[in-house]
Amino acid sequence: MSNFLVKLHLILFIYVLNLGCSEEASKRVEAVSDSRPNLVLIVADDLGFAEIGAFGSEIQTPNIDRLAETGMTFSQFYVAPGCSPTRSMLFSGVDNHIAGLGVMQEFLDLDGLLPPDFQALIDLQRGQPGYEGHMNFRVASIADLLSRAGYRTLMAGKWHLGLEKNQRPNARGFEKSFALLNGGASHFSDGWVLPAPWQPAIYTYNDEEVSLPDDFYSTISYTDHLIDWIASATQETPDKPFFGYLAFTAPHDPLHVPDKDLNLYAGQYDNGYEEVRNRRLSALQKLGLMPQTFSAGSLPQLPKWDSLTAQQQREEARRMEIYAAMVEVMDRQIGRLIEALERSGELENTLIVFMSDNGASPSNFAGYGFTGDEFDNSVENLWRKGSFTSYNINWARAGSAHLRLFKGTTAEGGIRVPLIITGPNVPEDTVSDAVLHVTDITQTFLDIAKAPKPETLGLQAMTGKSMKPVLFEGARSVRDENDTIGWAFLGQRALRMGRWKILWMAPPTGTGKWELYDIIDDPSEANDLAQVNPEILERLIVRWDEYVATNGVIVSGQTQ
């Protein structure tokens, strides 16, 4: 046999031998050369705009600050006014009124218990497309898309996108998950859920309901799970990138910290709300995260610090001490995650996103429907298992700094939150004023991962803008002056286009009519320009009507 025929037979033999595994071999070859970065998404719960060091806070957050020093900090990043609407947009890349969280499940469950105006609106929304109260199946989950793109998908923390078996994390694309399915709960192993009535929270391990160990503390336990899973993934499949989602329930109330951290901030808030807010305002200006001059909005119905008794001041200061400790403990866990990525050799090839899901929260236990009798708030037990306190409205205002109001509103303090992004090729120590939206993160991940588009699967196309031009190409923005972002929440509404924003909120927080703000010069929404610029107001109202029609938004009164 000629040398040629020998070589030909040998080639055919090798080809036949590998026929059964050629597809897998191809995948391995592709994976070995896979240069796509890992993606890590860290979400804080109810963290206000000015409550980490990189955003002007006195709270010690060196690990989050390190992310800012090695990456980009964004001053105009927008989310929804509430937890699950933001998460639905983060995971689907579309408006929450399309994704299923046009109304939160908690409000659907409170049938007959809401104030009349809210109840009437919920009755209009109930059963309508986009108002299912969970992330629906007309949209893709970013976890599923990343999994299809070859990413390992891992999550630990708050889910808040559905309670039923087919709505849980593993059913929506996560390979491994340890999740709180509800929107809020005790941070300890007693595990009662928010809102009332008193009942156990639902925790799942890979979608199977589990009980909590006695030493459970949410912030630490979530981080433990994600660190373990990342370590396993990098050892088992070093040729595959991973998507890690760490969804803290801190610093969402109730205010709970481990005993050893109870006195981290003892005495540091004795000078009161106004002093803390003013100090943060000054720091934000130095950091370039707010204008050098602005008109501070006022909330005259709130008590001033010097109007409180000495005992009241001590109680209020203690609330903020515990809240600050919760934030520092969260930062400490983020530091553990960064160290784990360093040990594994993956940090330099990991894009890390840190954000909050909405503005600072003014809530207290009465706001969740509890009477207070359900808890042991004795001096001996306060901040421990079985207790419930919040940091309340005045501290939330300090957390919003120059922004108006807080969580639950479509004012800037409810929807503008911190965003930090660091990773391969992201410019270091850079502040950007690009106007960004939470759906942009989804689109960016999709682009970086080269994941399939949802429309190729017969699902809703994503509407966010890829941030790649800002992150990697030096662009100033991903939106032009005609692009809009809209919000609707419990009858409130808002729309931003370029430097302009229209806002509608009922009294006492609003006027019950459309207001107009130059949001660049007036982020505090202190100067209503509706009478001065009626033509701009009308133009934005037209765009609001388009937003309503495009996204199936159901509000009472529509445009009045």
# chains A, B, ... in the order shown; residues from 1 in each chain; ligands from 1
$ select_by_dssp --residues "range 483-533 of chain A" --states "strand (DSSP E)" --output "list in words"
Thr484, Ile485, Gly486, Trp487, Ala488, Phe489, Gln492, Arg493, Ala494, Leu495, Arg496, Met497, Trp500, Lys501, Ile502, Leu503, Trp504, Glu515, Leu516, Tyr517 and Asp518 of chain A
$ residues_around --residues "range 441-451 of chain A" --least-positions-apart "2" --cutoff "9 Å" --atoms "only C-alpha atoms" --output "PyMOL selection string"
chain A and resi 36-39+89-94+142+145-151+353+436-439+453+462-468
$ write_last_selection --atoms "C-alpha atoms" --output "JSON list (two decimals), in the first residue's frame"
[["chain", "number", "residue", "atom", "x", "y", "z"],
["A", 36, "ARG", "CA", -15.05, 36.17, 27.33],
["A", 37, "PRO", "CA", -14.94, 37.58, 30.86],
["A", 38, "ASN", "CA", -16.73, 36.19, 33.86],
["A", 39, "LEU", "CA", -19.67, 38.33, 34.91],
["A", 89, "MET", "CA", -35.91, 44.60, 34.26],
["A", 90, "LEU", "CA", -32.44, 43.49, 35.31],
["A", 91, "PHE", "CA", -33.19, 39.90, 34.32],
["A", 92, "SER", "CA", -35.33, 40.46, 31.22],
["A", 93, "GLY", "CA", -33.83, 43.61, 29.72],
["A", 94, "VAL", "CA", -37.31, 45.08, 29.13],
["A", 142, "ILE", "CA", -30.49, 36.67, 31.29],
["A", 145, "LEU", "CA", -29.40, 33.24, 27.81],
["A", 146, "LEU", "CA", -25.96, 33.18, 29.43],
["A", 147, "SER", "CA", -26.31, 29.46, 30.10],
["A", 148, "ARG", "CA", -27.11, 28.91, 26.42],
["A", 149, "ALA", "CA", -23.97, 30.90, 25.63],
["A", 150, "GLY", "CA", -21.81, 28.49, 27.64],
["A", 151, "TYR", "CA", -21.65, 30.34, 30.97],
["A", 353, "VAL", "CA", -21.13, 45.31, 38.56],
["A", 436, "LEU", "CA", -28.10, 54.69, 32.12],
["A", 437, "HIS", "CA", -30.98, 52.35, 32.92],
["A", 438, "VAL", "CA", -31.06, 48.97, 34.62],
["A", 439, "THR", "CA", -32.05, 47.26, 31.33],
["A", 453, "LYS", "CA", -30.97, 37.32, 21.42],
["A", 462, "MET", "CA", -34.54, 43.53, 24.92],
["A", 463, "THR", "CA", -34.88, 47.30, 24.95],
["A", 464, "GLY", "CA", -31.85, 48.36, 26.99],
["A", 465, "LYS", "CA", -28.79, 50.01, 25.46],
["A", 466, "SER", "CA", -25.44, 48.26, 25.49],
["A", 467, "MET", "CA", -22.98, 50.15, 27.69],
["A", 468, "LYS", "CA", -19.97, 48.84, 25.76]]
$ residues_around --residues "range 414-431 of chain A" --least-positions-apart "4" --cutoff "7 Å" --atoms "only C-alpha atoms" --output "ChimeraX atom specification"
/A:48-49,67-81,348-356,358-359,405-410,471-472
$ residues_around --residues "range 243-252 of chain A" --least-positions-apart "4" --cutoff "8 Å" --atoms "only C-alpha atoms" --output "compact mmCIF listing (two decimals) with N, CA and C atoms, in the first residue's frame"
# COMPACT_ATOMS: atom_id res chain seq x y z
N ASN A 38 -15.69 36.56 32.90
CA ASN A 38 -16.73 36.19 33.86
C ASN A 38 -17.54 37.44 34.16
N LEU A 39 -18.77 37.23 34.58
CA LEU A 39 -19.67 38.33 34.91
C LEU A 39 -20.14 38.15 36.35
N VAL A 40 -19.91 39.15 37.18
CA VAL A 40 -20.38 39.11 38.57
C VAL A 40 -21.27 40.33 38.81
N LEU A 41 -22.49 40.08 39.24
CA LEU A 41 -23.46 41.13 39.50
C LEU A 41 -23.80 41.13 40.98
N ILE A 42 -23.53 42.25 41.65
CA ILE A 42 -23.78 42.40 43.09
C ILE A 42 -24.86 43.46 43.27
N VAL A 43 -25.96 43.09 43.93
CA VAL A 43 -27.07 44.02 44.14
C VAL A 43 -27.31 44.20 45.63
N ALA A 44 -27.21 45.45 46.07
CA ALA A 44 -27.60 45.81 47.44
C ALA A 44 -29.09 46.13 47.45
N ASP A 45 -29.72 45.96 48.60
CA ASP A 45 -31.18 46.06 48.71
C ASP A 45 -31.55 47.31 49.52
N ASP A 46 -32.18 48.29 48.85
CA ASP A 46 -32.62 49.53 49.50
C ASP A 46 -31.47 50.43 49.93
N LEU A 47 -30.36 50.37 49.23
CA LEU A 47 -29.21 51.23 49.54
C LEU A 47 -29.39 52.57 48.83
N ALA A 143 -30.09 34.81 32.84
CA ALA A 143 -29.39 33.60 33.29
C ALA A 143 -29.54 32.49 32.27
N LEU A 146 -27.38 33.38 29.17
CA LEU A 146 -25.96 33.18 29.43
C LEU A 146 -25.62 31.70 29.51
N TYR A 151 -22.04 29.87 29.65
CA TYR A 151 -21.65 30.34 30.97
C TYR A 151 -22.18 29.41 32.05
N ARG A 152 -21.40 29.20 33.10
CA ARG A 152 -21.92 28.61 34.33
C ARG A 152 -22.73 29.70 35.03
N THR A 153 -23.90 29.38 35.53
CA THR A 153 -24.79 30.39 36.10
C THR A 153 -25.07 30.05 37.56
N LEU A 154 -24.71 30.99 38.47
CA LEU A 154 -24.70 30.74 39.90
C LEU A 154 -25.31 31.94 40.62
N MET A 155 -26.19 31.70 41.57
CA MET A 155 -26.76 32.83 42.31
C MET A 155 -26.95 32.50 43.78
N ALA A 156 -26.85 33.54 44.61
CA ALA A 156 -27.17 33.43 46.02
C ALA A 156 -27.77 34.74 46.47
N GLY A 157 -28.92 34.65 47.15
CA GLY A 157 -29.56 35.85 47.69
C GLY A 157 -31.02 35.97 47.32
N LYS A 158 -31.45 37.20 47.26
CA LYS A 158 -32.87 37.52 47.07
C LYS A 158 -33.29 37.33 45.62
N TRP A 159 -34.38 36.63 45.40
CA TRP A 159 -34.92 36.38 44.06
C TRP A 159 -36.03 37.36 43.75
N GLY A 184 -38.51 40.23 51.29
CA GLY A 184 -37.81 40.67 52.48
C GLY A 184 -38.07 39.72 53.62
N HIS A 187 -33.02 38.73 58.82
CA HIS A 187 -31.69 38.38 58.34
C HIS A 187 -31.11 37.19 59.10
N SER A 218 -27.94 36.50 56.73
CA SER A 218 -28.15 36.56 55.28
C SER A 218 -26.90 36.99 54.51
N THR A 219 -26.32 38.12 54.88
CA THR A 219 -25.21 38.69 54.11
C THR A 219 -24.03 37.74 54.03
N TYR A 222 -25.17 34.16 52.09
CA TYR A 222 -25.24 34.28 50.63
C TYR A 222 -23.84 34.26 50.02
N THR A 223 -22.94 35.02 50.63
CA THR A 223 -21.58 35.12 50.09
C THR A 223 -20.87 33.78 50.18
N LEU A 226 -21.98 31.62 47.19
CA LEU A 226 -21.47 32.02 45.89
C LEU A 226 -19.97 31.77 45.79
N ILE A 230 -18.36 29.37 42.90
CA ILE A 230 -17.37 29.89 41.95
C ILE A 230 -16.09 29.06 42.02
N TYR A 323 -27.75 50.47 60.97
CA TYR A 323 -27.83 50.48 59.51
C TYR A 323 -26.43 50.55 58.91
N MET A 326 -24.68 47.31 59.10
CA MET A 326 -25.15 46.37 58.07
C MET A 326 -24.43 46.61 56.75
N VAL A 327 -24.27 47.87 56.39
CA VAL A 327 -23.59 48.20 55.13
C VAL A 327 -22.12 47.79 55.20
N MET A 330 -21.82 44.08 54.81
CA MET A 330 -21.99 43.75 53.39
C MET A 330 -20.70 44.00 52.62
N SER A 361 -34.89 53.51 51.87
CA SER A 361 -36.26 53.18 52.27
C SER A 361 -36.69 53.94 53.52
$ closest_residue --among "A:Glu346, A:Asn166, A:Tyr203, A:Phe107" --to "Lys240 in chain A" --atoms "only C-alpha atoms"
A:Glu346
$ select_by_dssp --residues "range 285-525 of chain A" --states "alpha helix (DSSP H)" --output "PyMOL selection string"
chain A and resi 285-287+310-344+392-400+412-415+438-449+468-472
$ write_last_selection --atoms "C-alpha atoms" --output "short mmCIF file (atom, residue, chain, number, x, y, z; two decimals), in the first residue's frame"
data_model
loop_
_atom_site.label_atom_id
_atom_site.label_comp_id
_atom_site.auth_asym_id
_atom_site.auth_seq_id
_atom_site.Cartn_x
_atom_site.Cartn_y
_atom_site.Cartn_z
CA GLN A 285 -19.53 67.49 45.17
CA LYS A 286 -15.83 66.78 45.67
CA LEU A 287 -16.27 63.40 43.97
CA ALA A 310 -32.51 63.54 74.19
CA GLN A 311 -34.02 60.04 74.41
CA GLN A 312 -35.47 60.29 70.91
CA GLN A 313 -32.13 61.46 69.56
CA ARG A 314 -30.38 58.50 71.16
CA GLU A 315 -32.90 56.05 69.68
CA GLU A 316 -32.66 57.63 66.23
CA ALA A 317 -28.85 57.71 66.30
CA ARG A 318 -28.81 54.04 67.29
CA ARG A 319 -30.94 53.14 64.24
CA MET A 320 -28.37 54.70 61.95
CA GLU A 321 -25.50 53.02 63.81
CA ILE A 322 -26.99 49.60 63.11
CA TYR A 323 -27.83 50.48 59.51
CA ALA A 324 -24.23 51.60 58.92
CA ALA A 325 -22.97 48.38 60.48
CA MET A 326 -25.15 46.37 58.07
CA VAL A 327 -23.59 48.20 55.13
CA GLU A 328 -20.06 47.65 56.45
CA VAL A 329 -20.73 43.94 56.99
CA MET A 330 -21.99 43.75 53.39
CA ASP A 331 -18.81 45.46 52.18
CA ARG A 332 -16.74 42.98 54.17
CA GLN A 333 -18.41 40.10 52.34
CA ILE A 334 -17.78 41.75 48.98
CA GLY A 335 -14.14 41.87 50.04
CA ARG A 336 -14.24 38.11 50.68
CA LEU A 337 -15.65 37.57 47.19
CA ILE A 338 -12.92 39.73 45.61
CA GLU A 339 -10.24 37.80 47.53
CA ALA A 340 -11.75 34.49 46.35
CA LEU A 341 -11.63 35.69 42.74
CA GLU A 342 -7.99 36.70 43.25
CA ARG A 343 -7.08 33.30 44.71
CA SER A 344 -8.68 31.52 41.77
CA ASN A 392 -36.90 55.52 59.04
CA ILE A 393 -37.67 58.54 56.93
CA ASN A 394 -35.18 61.17 58.12
CA TRP A 395 -32.18 58.89 57.71
CA ALA A 396 -33.56 57.86 54.31
CA ARG A 397 -33.51 61.52 53.35
CA ALA A 398 -29.85 61.71 54.38
CA GLY A 399 -29.25 58.59 52.28
CA SER A 400 -30.78 60.30 49.25
CA GLU A 412 -35.01 61.03 41.86
CA GLY A 413 -34.36 59.68 45.34
CA GLY A 414 -36.47 56.63 44.59
CA ILE A 415 -35.05 55.74 41.18
CA VAL A 438 -31.06 48.97 34.62
CA THR A 439 -32.05 47.26 31.33
CA ASP A 440 -28.73 48.46 29.90
CA ILE A 441 -26.87 46.04 32.18
CA THR A 442 -28.80 43.13 30.71
CA GLN A 443 -28.05 44.18 27.15
CA THR A 444 -24.38 44.73 28.01
CA PHE A 445 -24.03 41.26 29.51
CA LEU A 446 -25.73 39.80 26.45
CA ASP A 447 -23.28 41.56 24.12
CA ILE A 448 -20.18 40.70 26.12
CA ALA A 449 -21.18 37.04 26.39
CA LYS A 468 -19.97 48.84 25.76
CA PRO A 469 -19.32 52.22 24.05
CA VAL A 470 -19.11 53.94 27.45
CA LEU A 471 -17.20 51.14 29.17
CA PHE A 472 -14.65 50.37 26.49
#
$ residues_around --residues "Val548 in chain A" --least-positions-apart "5" --cutoff "9 Å" --atoms "only C-alpha atoms" --output "PyMOL selection string"
chain A and resi 486+488+543+553-555+558
$ closest_residue --among "A:Asp480, A:Glu525, A:Asp253, A:Asp224" --to "Thr389 in chain A" --atoms "only C-alpha atoms"
A:Asp253
$ atom_distance --atom1 "CA of Gln167 in chain A" --atom2 "CA of Phe216 in chain A"
24.8 Å
$ atom_distance --atom1 "CA of Ser35 in chain A" --atom2 "CA of Ala233 in chain A"
16.2 Å
$ closest_atom_pairs --of "range 482-532 of chain A" --to "range 113-121 of chain A" --cutoff "12 Å" --atoms "only C-alpha atoms" --output "JSON lines"
{"residue": "A:Ala488", "atom": "CA", "partner": "A:Leu121", "partner_atom": "CA", "distance": 11.8}
{"residue": "A:Phe489", "atom": "CA", "partner": "A:Leu121", "partner_atom": "CA", "distance": 10.3}
{"residue": "A:Leu490", "atom": "CA", "partner": "A:Phe118", "partner_atom": "CA", "distance": 6.6}
{"residue": "A:Gly491", "atom": "CA", "partner": "A:Leu121", "partner_atom": "CA", "distance": 7.3}
{"residue": "A:Gln492", "atom": "CA", "partner": "A:Phe118", "partner_atom": "CA", "distance": 10.7}
{"residue": "A:Ala506", "atom": "CA", "partner": "A:Asp117", "partner_atom": "CA", "distance": 10.5}
$ write_last_selection --atoms "N, CA and C atoms" --output "mmCIF file, in the first residue's frame"
data_model
loop_
_atom_site.group_PDB
_atom_site.id
_atom_site.type_symbol
_atom_site.label_atom_id
_atom_site.label_comp_id
_atom_site.auth_asym_id
_atom_site.auth_seq_id
_atom_site.Cartn_x
_atom_site.Cartn_y
_atom_site.Cartn_z
ATOM 1 N N ALA A 488 -43.651 54.067 36.075
ATOM 2 C CA ALA A 488 -44.990 54.135 36.665
ATOM 3 C C ALA A 488 -45.006 53.200 37.869
ATOM 4 N N PHE A 489 -45.491 53.703 39.002
ATOM 5 C CA PHE A 489 -45.481 52.905 40.229
ATOM 6 C C PHE A 489 -46.582 53.402 41.145
ATOM 7 N N LEU A 490 -47.574 52.544 41.396
ATOM 8 C CA LEU A 490 -48.678 52.869 42.298
ATOM 9 C C LEU A 490 -49.313 54.220 41.971
ATOM 10 N N GLY A 491 -49.531 54.453 40.700
ATOM 11 C CA GLY A 491 -50.177 55.685 40.263
ATOM 12 C C GLY A 491 -49.229 56.825 39.996
ATOM 13 N N GLN A 492 -48.015 56.762 40.540
ATOM 14 C CA GLN A 492 -47.018 57.783 40.252
ATOM 15 C C GLN A 492 -46.437 57.529 38.861
ATOM 16 N N ALA A 506 -49.207 62.201 43.504
ATOM 17 C CA ALA A 506 -50.335 62.744 44.245
ATOM 18 C C ALA A 506 -49.846 63.395 45.540
#
$ closest_residue --among "A:Ile227, A:Leu540, A:Val478, A:Ala411" --to "Thr509 in chain A" --atoms "only C-alpha atoms"
A:Ala411
$ atom_distance --atom1 "CA of Leu264 in chain A" --atom2 "CA of Asp228 in chain A"
27.9 Å
$ residues_around --residues "Glu274 in chain A" --least-positions-apart "2" --cutoff "9 Å" --atoms "only C-alpha atoms" --output "ChimeraX atom specification"
/A:271-272,276-279,304-305,394,398
